[in-house]
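Engineer: I have a structure here, written as C-alpha cells, and I will follow up with some questions on it.
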Amino acid sequence: MRKKLVAGNWKMHGNKEQNQELLNAIIAGMPRMRSGECVVCVPYPYLSQVQLLLQNTFIKLGAQNVNQFAKGAYTGEVSAEMLNDFGCHYVIVGHSERRAVYGENDQTVALKYAAAQKSNMVPILCVGETSEQREADVTEQVIFKQLNAVIENSGVSSLVNAVIAYEPVWAIGTGKTATPQQAQDVHSYIRKSIAMLDPEVASALTILYGGSVKADNASQLFAMPDIDGGLIGGASLIATDFISICQSVQN
Ligand code: PGA
C-alpha cells in the first residue's frame, strides 16, 4: 500500500498568534489518522514555534524551500541541516512559485532535492505545466523534463525517499481545480514514466495533487487510482477545511 499524505503549504502567511490558533484547532479537531500522514510546511521563522506546538502530535513539520548548498556565503539562505535541526521531516522543492518568481530551474531544483535527502528529509518535488503549455499540448514533455533532471542527478531509486506533487500552475491559487480525470491522467503518466525505469519504485511512490484542493473537491480527487493525497495551499490555513481534507485522504 502506498503512503497517503496531505501536506499544507502555508506559503508566506501567518504570525505567531495565528499559527498557534490554527494548529490548536487542527490538533483538537482532527482524530489521529488511521492511515496516511499529515504535514504542515511553514515559513522559516516559525519552524521553532511550530516544532514545539506539534510535539507529541501526529502532525509532521516541513519547510517550503531549502538551499542546495551545505553551508557558505549565501546571504539569506537556509540549508538542509538547519531545517533538520528544527525537526523538519519534509521540504517542498521546485514549487512553481519558486520556479517562476525566483528563477529556479530544473538543475537547481535537482540539487535542492539531493540536499534535502542528504540531510534525511523527504523532498516534496513539485512538477506541473502552465496553461500555455497545456494548451500547446506539451504537458507530458514539461513534466518529463522536470522529473528527469532529478532522476539524472539522484537516480530513480532516490524516489523511494521522496514524494512528487503534480501541481498544474494554472490551478494554483486560482480556484480552477483540475478535474479528477485531468489530474489522474498526469499522475498515471508520471507513474508509468517512472515504471519504465523501476516498476517497484513507481508503484510505491506517493504522488500528490495540488492546485485549489478544497474540502468539497478533495474526495473526488483522492478517489482516483494514482492520486495519493494533496499539497494544499489556501485551504490549509482554515482548520476545518484542512481537517476535512486530511479525513478524505483516508477513505
Ligand atoms: P492552492 O495552492 O491550494 O492555494 O491552490 C497549492 C500550492 O501552491 O501548493
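Letters A, B, ... mark the chains of the C-alpha cells in the order given; residue numbers begin at 1 per chain; ligand numbers begin at 1, in order shown.
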Just want the residues within 8 Å of ligand 1, written as a PyMOL selection string, counting only C-alpha atoms and all ligand atoms.

Structural biologist: chain A and resi 8-9+11+95-97+167+171-175+177+210-214+231-236

Engineer: Can I get the residues of region 136-241 of chain A within 8 Å of region 104-109 of chain A, each with the closest pair of atoms and their distance in Å to one decimal, using only C-alpha atoms, sorted chain first then ascending number, as CSV?

Structural biologist:
residue,atom,partner,partner_atom,distance
A:Lys145,CA,A:Asp106,CA,7.8
A:Gln146,CA,A:Asp106,CA,5.7
A:Ala149,CA,A:Asp106,CA,5.9
A:Val150,CA,A:Val109,CA,7.6

Engineer: Leaving out Val142 (chain A) and any residue of its chain fewer than 5 positions from it, which residues lie within 10 Å of it when counting only C-alpha atoms, given as a list in words?

Structural biologist: Val127, Gly128, Glu129, Thr130, Gln133, Arg134, Asp137, Leu147 and Asn148 of chain A

Engineer: For region 225-230 of chain A, please output as a PyMOL selection string all residues within 9 Å (counting only C-alpha atoms; exclusion window: fewer than 5 positions along the same chain).

Structural biologist: chain A and resi 2-8+36+165-166+180+183-185+187-188+191+205-211+213+218+245-246+248-249

Engineer: With a distance cut-off of 10 Å and only C-alpha atoms, select the neighbouring residues of Met82 (chain A), excluding the residue or stretch itself and same-chain residues fewer than 2 positions from it, and output the selection as a list in words.

Structural biologist: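 Residues near the query, excluding close chain neighbours: Val66, Ala70, Lys71, Val78, Ser79, Ala80, Asn84, Asp85, Phe86, Gly87, Cys88 and Ser119 of chain A.
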
Engineer: Give me, as a list in words, all polymer residues having an atom no more than 12 Å from Ile151 (chain A), counting only C-alpha atoms and skipping those fewer than 2 positions away in the same chain.

Structural biologist: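 Those residues are Asp106, Gln107, Val109, Ala110, Leu111, Tyr113, Ala114, Leu125, Phe144, Lys145, Gln146, Leu147, Asn148, Ala149, Asn153, Ser154, Gly155, Val156, Ser157, Ser158, Leu159, Val160, Ala162, Ser193, Ile194, Leu197 and Asp198 of chain A.
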
Engineer: Which of these, A:Ile92, A:Ala25, A:Ala115, A:Val186, has the shortest distance to Val138 (chain A) once you count only C-alpha atoms?

Structural biologist: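 Closest to Val138 (chain A), using only C-alpha atoms: A:Val186.
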
Engineer: So that I can check the secondary structure, give me every residue of region 185-238 of chain A assigned helix (DSSP H, G or I) by backbone DSSP, as a ChimeraX atom specification.

Structural biologist: /A:185-195,199-204,218-222,234-237

Engineer: Write out the residues from the selection above, keeping N, CA, C and O atoms, as a tab-separated table (two decimals), in the first residue's frame.

Structural biologist:
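Generated output (part_34.tsv):
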chain	number	residue	atom	x	y	z
A	185	ASP	N	-4.88	11.60	-15.24
A	185	ASP	CA	-4.13	11.34	-16.47
A	185	ASP	C	-2.65	11.68	-16.29
A	185	ASP	O	-1.78	10.91	-16.71
A	186	VAL	N	-2.38	12.81	-15.65
A	186	VAL	CA	-0.97	13.20	-15.48
A	186	VAL	C	-0.31	12.32	-14.41
A	186	VAL	O	0.84	11.89	-14.57
A	187	HIS	N	-1.03	12.02	-13.34
A	187	HIS	CA	-0.45	11.15	-12.31
A	187	HIS	C	-0.08	9.79	-12.90
A	187	HIS	O	0.97	9.23	-12.60
A	188	SER	N	-0.97	9.29	-13.74
A	188	SER	CA	-0.73	7.99	-14.35
A	188	SER	C	0.48	8.09	-15.30
A	188	SER	O	1.33	7.18	-15.34
A	189	TYR	N	0.58	9.20	-16.00
A	189	TYR	CA	1.74	9.40	-16.89
A	189	TYR	C	3.04	9.40	-16.06
A	189	TYR	O	4.03	8.76	-16.44
A	190	ILE	N	3.01	10.11	-14.93
A	190	ILE	CA	4.21	10.18	-14.07
A	190	ILE	C	4.59	8.77	-13.59
A	190	ILE	O	5.74	8.34	-13.69
A	191	ARG	N	3.59	8.05	-13.11
A	191	ARG	CA	3.88	6.72	-12.57
A	191	ARG	C	4.40	5.78	-13.68
A	191	ARG	O	5.36	5.03	-13.47
A	192	LYS	N	3.79	5.87	-14.85
A	192	LYS	CA	4.23	4.99	-15.95
A	192	LYS	C	5.64	5.33	-16.40
A	192	LYS	O	6.44	4.44	-16.70
A	193	SER	N	5.95	6.64	-16.45
A	193	SER	CA	7.31	7.02	-16.88
A	193	SER	C	8.34	6.46	-15.91
A	193	SER	O	9.41	6.00	-16.33
A	194	ILE	N	8.03	6.52	-14.63
A	194	ILE	CA	8.98	6.01	-13.64
A	194	ILE	C	9.03	4.48	-13.68
A	194	ILE	O	10.09	3.87	-13.51
A	195	ALA	N	7.87	3.88	-13.95
A	195	ALA	CA	7.81	2.41	-14.01
A	195	ALA	C	8.70	1.86	-15.13
A	195	ALA	O	9.21	0.74	-15.02
A	199	PRO	N	9.77	-0.43	-11.93
A	199	PRO	CA	8.35	-0.63	-11.61
A	199	PRO	C	8.06	-0.64	-10.11
A	199	PRO	O	7.00	-0.16	-9.68
A	200	GLU	N	8.98	-1.16	-9.32
A	200	GLU	CA	8.72	-1.22	-7.87
A	200	GLU	C	8.70	0.16	-7.25
A	200	GLU	O	7.85	0.49	-6.42
A	201	VAL	N	9.68	0.97	-7.65
A	201	VAL	CA	9.73	2.35	-7.15
A	201	VAL	C	8.45	3.08	-7.55
A	201	VAL	O	7.82	3.78	-6.75
A	202	ALA	N	8.04	2.89	-8.80
A	202	ALA	CA	6.86	3.59	-9.30
A	202	ALA	C	5.60	3.20	-8.53
A	202	ALA	O	4.79	4.06	-8.17
A	203	SER	N	5.46	1.92	-8.24
A	203	SER	CA	4.19	1.52	-7.61
A	203	SER	C	4.15	1.92	-6.14
A	203	SER	O	3.08	2.08	-5.58
A	204	ALA	N	5.31	2.16	-5.53
A	204	ALA	CA	5.32	2.57	-4.12
A	204	ALA	C	5.35	4.10	-3.95
A	204	ALA	O	5.24	4.60	-2.83
A	218	ALA	N	-11.84	17.48	-2.50
A	218	ALA	CA	-10.73	16.58	-2.16
A	218	ALA	C	-11.10	15.11	-2.37
A	218	ALA	O	-10.32	14.34	-2.94
A	219	SER	N	-12.30	14.73	-1.93
A	219	SER	CA	-12.67	13.30	-2.00
A	219	SER	C	-12.66	12.77	-3.42
A	219	SER	O	-12.16	11.68	-3.67
A	220	GLN	N	-13.20	13.56	-4.37
A	220	GLN	CA	-13.24	13.08	-5.77
A	220	GLN	C	-11.83	12.94	-6.32
A	220	GLN	O	-11.53	12.00	-7.05
A	221	LEU	N	-10.96	13.90	-5.97
A	221	LEU	CA	-9.58	13.82	-6.46
A	221	LEU	C	-8.87	12.60	-5.86
A	221	LEU	O	-8.24	11.82	-6.56
A	222	PHE	N	-9.01	12.44	-4.54
A	222	PHE	CA	-8.28	11.37	-3.85
A	222	PHE	C	-8.84	9.99	-4.20
A	222	PHE	O	-8.22	8.97	-3.91
A	234	GLY	N	-4.16	27.44	0.03
A	234	GLY	CA	-5.18	28.25	0.72
A	234	GLY	C	-5.98	27.50	1.78
A	234	GLY	O	-6.14	27.98	2.91
A	235	ALA	N	-6.45	26.31	1.43
A	235	ALA	CA	-7.32	25.59	2.36
A	235	ALA	C	-6.58	25.05	3.59
A	235	ALA	O	-7.21	24.64	4.56
A	236	SER	N	-5.24	25.08	3.56
A	236	SER	CA	-4.51	24.58	4.74
A	236	SER	C	-4.46	25.64	5.84
A	236	SER	O	-4.00	25.39	6.95
A	237	LEU	N	-4.96	26.85	5.52
A	237	LEU	CA	-4.95	27.93	6.52
A	237	LEU	C	-6.29	28.00	7.26
A	237	LEU	O	-6.49	28.85	8.12

Engineer: Have a look at A:Asp216, A:Glu140, A:Glu77, A:Glu132 and name the one nearest to Val169 (chain A); count only C-alpha atoms.

Structural biologist: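 Checking each candidate against Val169 (chain A), we get A:Glu132 as the closest.
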
Engineer: Could you check the closest approach to Ala239 (chain A) for each of A:Pro168, A:Gly76, A:Gly29, A:Pro123 and tell me which residue wins, using only C-alpha atoms?

Structural biologist: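 With only C-alpha atoms as the atom set, the closest residue is A:Gly29.
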
Engineer: Please identify the strand (DSSP E) residues within region 24-166 of chain A (assignment by DSSP from backbone atoms) and present them as an MDAnalysis selection string.

Structural biologist: chainID A and resid 37:41 59:63 90:93 122:127 163:166

Engineer: Residues of the last selection are to be written out with N, CA and C atoms, as a tab-separated table (two decimals), in the first residue's frame.

Structural biologist:
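Below is the file out-v9.tsv, written as the result:
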chain	number	residue	atom	x	y	z
A	37	GLU	N	-0.43	10.30	6.39
A	37	GLU	CA	0.33	11.25	7.18
A	37	GLU	C	-0.11	12.66	6.85
A	38	CYS	N	0.11	13.53	7.81
A	38	CYS	CA	-0.29	14.92	7.65
A	38	CYS	C	0.92	15.79	8.01
A	39	VAL	N	1.20	16.80	7.20
A	39	VAL	CA	2.37	17.64	7.45
A	39	VAL	C	2.02	19.09	7.18
A	40	VAL	N	2.62	20.00	7.93
A	40	VAL	CA	2.45	21.43	7.61
A	40	VAL	C	3.81	22.02	7.27
A	41	CYS	N	3.88	22.69	6.13
A	41	CYS	CA	5.11	23.32	5.67
A	41	CYS	C	5.00	24.82	5.94
A	59	ILE	N	1.16	15.16	13.71
A	59	ILE	CA	1.38	16.04	12.54
A	59	ILE	C	2.88	16.32	12.41
A	60	LYS	N	3.36	16.19	11.18
A	60	LYS	CA	4.80	16.37	10.95
A	60	LYS	C	5.10	17.79	10.48
A	61	LEU	N	6.37	18.16	10.63
A	61	LEU	CA	6.80	19.51	10.26
A	61	LEU	C	7.55	19.50	8.94
A	62	GLY	N	7.29	20.52	8.13
A	62	GLY	CA	8.02	20.65	6.86
A	62	GLY	C	8.36	22.11	6.58
A	63	ALA	N	9.27	22.30	5.62
A	63	ALA	CA	9.63	23.65	5.18
A	63	ALA	C	9.24	23.80	3.71
A	90	TYR	N	9.93	16.98	6.12
A	90	TYR	CA	9.66	17.19	4.70
A	90	TYR	C	10.14	18.57	4.28
A	91	VAL	N	10.45	18.72	3.00
A	91	VAL	CA	10.67	20.06	2.45
A	91	VAL	C	10.19	20.08	1.00
A	92	ILE	N	9.44	21.14	0.69
A	92	ILE	CA	8.96	21.32	-0.68
A	92	ILE	C	10.13	21.81	-1.54
A	93	VAL	N	10.35	21.20	-2.69
A	93	VAL	CA	11.35	21.73	-3.63
A	93	VAL	C	10.71	21.92	-5.01
A	122	VAL	N	12.53	14.27	3.51
A	122	VAL	CA	11.83	13.80	2.32
A	122	VAL	C	11.46	15.01	1.48
A	123	PRO	N	12.05	15.12	0.27
A	123	PRO	CA	11.66	16.24	-0.59
A	123	PRO	C	10.28	16.00	-1.20
A	124	ILE	N	9.48	17.04	-1.22
A	124	ILE	CA	8.21	17.01	-1.96
A	124	ILE	C	8.48	17.77	-3.25
A	125	LEU	N	8.74	17.01	-4.30
A	125	LEU	CA	9.16	17.60	-5.58
A	125	LEU	C	7.94	18.03	-6.39
A	126	CYS	N	7.84	19.34	-6.64
A	126	CYS	CA	6.69	19.84	-7.40
A	126	CYS	C	6.99	19.89	-8.90
A	127	VAL	N	6.05	19.41	-9.67
A	127	VAL	CA	6.15	19.49	-11.13
A	127	VAL	C	4.78	19.96	-11.65
A	163	VAL	N	8.52	12.39	-2.39
A	163	VAL	CA	7.12	12.49	-2.76
A	163	VAL	C	7.08	13.42	-3.97
A	164	ILE	N	6.22	13.11	-4.92
A	164	ILE	CA	6.05	14.02	-6.06
A	164	ILE	C	4.71	14.72	-5.91
A	165	ALA	N	4.69	16.01	-6.20
A	165	ALA	CA	3.41	16.73	-6.21
A	165	ALA	C	3.18	17.26	-7.62
A	166	TYR	N	2.10	16.79	-8.24
A	166	TYR	CA	1.72	17.35	-9.54
A	166	TYR	C	0.85	18.57	-9.27
